[in-house]
Amino acid sequence: MEVNNTTEQSQNTTNPQQIPATPPPEHDTFMQATRKALGALERFVGWLYQSARKALGNVHIEPYAVIRRIDRLLVWARTTFPPDKFDSVSAWAARSGHGGLIVAQILALIFFLVVAIKLENWVFILHGAGIAALLVILQYSAERFMNAGKSLIQASPSRMNSGAFLDCLALIVEVGGILMFIAFIMQARRLSSWSPFWTGLGVWALCDCVAYIALNPSMANTTVSSGGSAGDEAIGILSFFVKAIVCIVPLAFGIGAVIGSVALFIAIFSVIGDINRIAAGQQALWLIGLCACLPFGTYLLFVLYHLAIDVIQAILAIPQKLEKR
């Protein structure tokens, strides 16, 4: 019996019963924090999902949004730049052009007097007197034909069925003018010359004038009203372009005459320094003469152009007259 007891005690000593270890309190704290974080993350994801679902459910895609914004832009431009502003600027340019022509007449005499002295040929004085007299005649004709052009516009009404063409024309011409101006600026930078810059500025100004008139068709005596035929629409479009040219003439006349006079003034000092620079003065005189001839040229263009339009309009009116019979 003692042997057995000794054996059992030795077995109990060699095989002790394993008691599970108790986890430290830090482990419980970490697990609780993890569960809270996961719960908060789950709630956040659910809230984000619901918010995105509501937001996407309320989104309404408007395919005409850009078109409506452009329409509002055109309406703003039409109200901001009324015909009165263009008329006032045009009248100011015409007065400046007449002042430039008066200055050009005096400068022409001085220019050819300097040339006569430098070349010791007094015939050039007669040339200067003749050119000055010609500029006087051109100035008179410019004033008369500018007024005649306005009278022709008022006496030649036209109609278009929709303003879509004019709105698109204003937008395309204005954007095209800006892009061309940027292209000329890049060319001026590449060539290291100011000439492309001024050319681009002039092109942009011309496009801006056309867009201005397209936004205000009443300046070209063009009304937008329904009820006309496709032929009437075509006649209205053809008539609008030539009327726009006549409306722009006072601006081109004034700006060209002033620039030409300034160039002629500079050419006088160039010739004093070097007689070989006489071509600069001749080019300035050509520019002044061309601008002074613009009113007469556009008047003839308008008359001949509208003669063809009237013939077309008479042909289109034949079926209506036959139906009345």
# chains A, B, ... in the order shown; residues from 1 in each chain; ligands from 1
$ select_by_dssp --residues "region 125-224 of chain A" --states "helix (DSSP H, G or I)" --output "PyMOL selection string"
chain A and resi 125-154+164-191+195-215+217-220
$ residues_around --residues "region 287-294 of chain A" --least-positions-apart "6" --cutoff "6 Å" --atoms "only C-alpha atoms" --output "VMD selection string"
chain A and resid 138 142 253 256 to 257 260
$ atom_distance --atom1 "CA of Pro157 (chain A)" --atom2 "CA of Gly236 (chain A)"
8.8 Å
$ closest_atom_pairs --of "region 124-153 of chain A" --to "region 241-247 of chain A" --cutoff "12 Å" --atoms "only C-alpha atoms" --output "Markdown table"
| residue | atom | partner | partner_atom | distance |
| --- | --- | --- | --- | --- |
| A:Phe145 | CA | A:Val246 | CA | 10.2 |
| A:Met146 | CA | A:Val246 | CA | 8.1 |
| A:Asn147 | CA | A:Val246 | CA | 10.3 |
| A:Ala148 | CA | A:Val246 | CA | 10.1 |
| A:Gly149 | CA | A:Val246 | CA | 6.4 |
| A:Lys150 | CA | A:Val246 | CA | 7.7 |
| A:Ser151 | CA | A:Val246 | CA | 10.7 |
| A:Leu152 | CA | A:Lys243 | CA | 9.0 |
| A:Ile153 | CA | A:Lys243 | CA | 6.5 |
$ write_last_selection --atoms "N, CA and C atoms" --output "mmCIF file, in the first residue's frame"
data_model
loop_
_atom_site.group_PDB
_atom_site.id
_atom_site.type_symbol
_atom_site.label_atom_id
_atom_site.label_comp_id
_atom_site.auth_asym_id
_atom_site.auth_seq_id
_atom_site.Cartn_x
_atom_site.Cartn_y
_atom_site.Cartn_z
ATOM 1 N N PHE A 145 -21.239 109.992 -99.222
ATOM 2 C CA PHE A 145 -21.601 108.598 -99.455
ATOM 3 C C PHE A 145 -21.823 107.828 -98.153
ATOM 4 N N MET A 146 -21.218 108.276 -97.060
ATOM 5 C CA MET A 146 -21.542 107.646 -95.780
ATOM 6 C C MET A 146 -22.992 107.919 -95.409
ATOM 7 N N ASN A 147 -23.434 109.142 -95.611
ATOM 8 C CA ASN A 147 -24.840 109.466 -95.352
ATOM 9 C C ASN A 147 -25.761 108.745 -96.331
ATOM 10 N N ALA A 148 -25.311 108.621 -97.588
ATOM 11 C CA ALA A 148 -26.126 107.917 -98.575
ATOM 12 C C ALA A 148 -26.241 106.437 -98.224
ATOM 13 N N GLY A 149 -25.163 105.865 -97.702
ATOM 14 C CA GLY A 149 -25.220 104.462 -97.302
ATOM 15 C C GLY A 149 -26.217 104.230 -96.178
ATOM 16 N N LYS A 150 -26.249 105.145 -95.208
ATOM 17 C CA LYS A 150 -27.231 105.020 -94.128
ATOM 18 C C LYS A 150 -28.654 105.128 -94.670
ATOM 19 N N SER A 151 -28.852 106.027 -95.635
ATOM 20 C CA SER A 151 -30.186 106.173 -96.222
ATOM 21 C C SER A 151 -30.603 104.913 -96.971
ATOM 22 N N LEU A 152 -29.654 104.280 -97.659
ATOM 23 C CA LEU A 152 -29.976 103.047 -98.378
ATOM 24 C C LEU A 152 -30.350 101.926 -97.413
ATOM 25 N N ILE A 153 -29.663 101.865 -96.285
ATOM 26 C CA ILE A 153 -30.001 100.833 -95.296
ATOM 27 C C ILE A 153 -31.419 101.043 -94.773
#
$ select_by_dssp --residues "region 130-298 of chain A" --states "strand (DSSP E)" --output "ChimeraX atom specification"
/A:158-160,222-224
$ write_last_selection --atoms "C-alpha atoms" --output "short mmCIF file (atom, residue, chain, number, x, y, z; two decimals), in the first residue's frame"
data_model
loop_
_atom_site.label_atom_id
_atom_site.label_comp_id
_atom_site.auth_asym_id
_atom_site.auth_seq_id
_atom_site.Cartn_x
_atom_site.Cartn_y
_atom_site.Cartn_z
CA SER A 158 -35.28 92.83 -94.77
CA ARG A 159 -36.76 90.06 -92.67
CA MET A 160 -35.57 86.79 -91.21
CA THR A 222 -33.36 93.62 -90.36
CA THR A 223 -36.32 92.34 -88.39
CA VAL A 224 -36.77 88.85 -86.98
#
$ closest_residue --among "A:Ser218, A:Ser261, A:Gln105, A:Ser192" --to "Ala129 (chain A)" --atoms "only C-alpha atoms"
A:Gln105
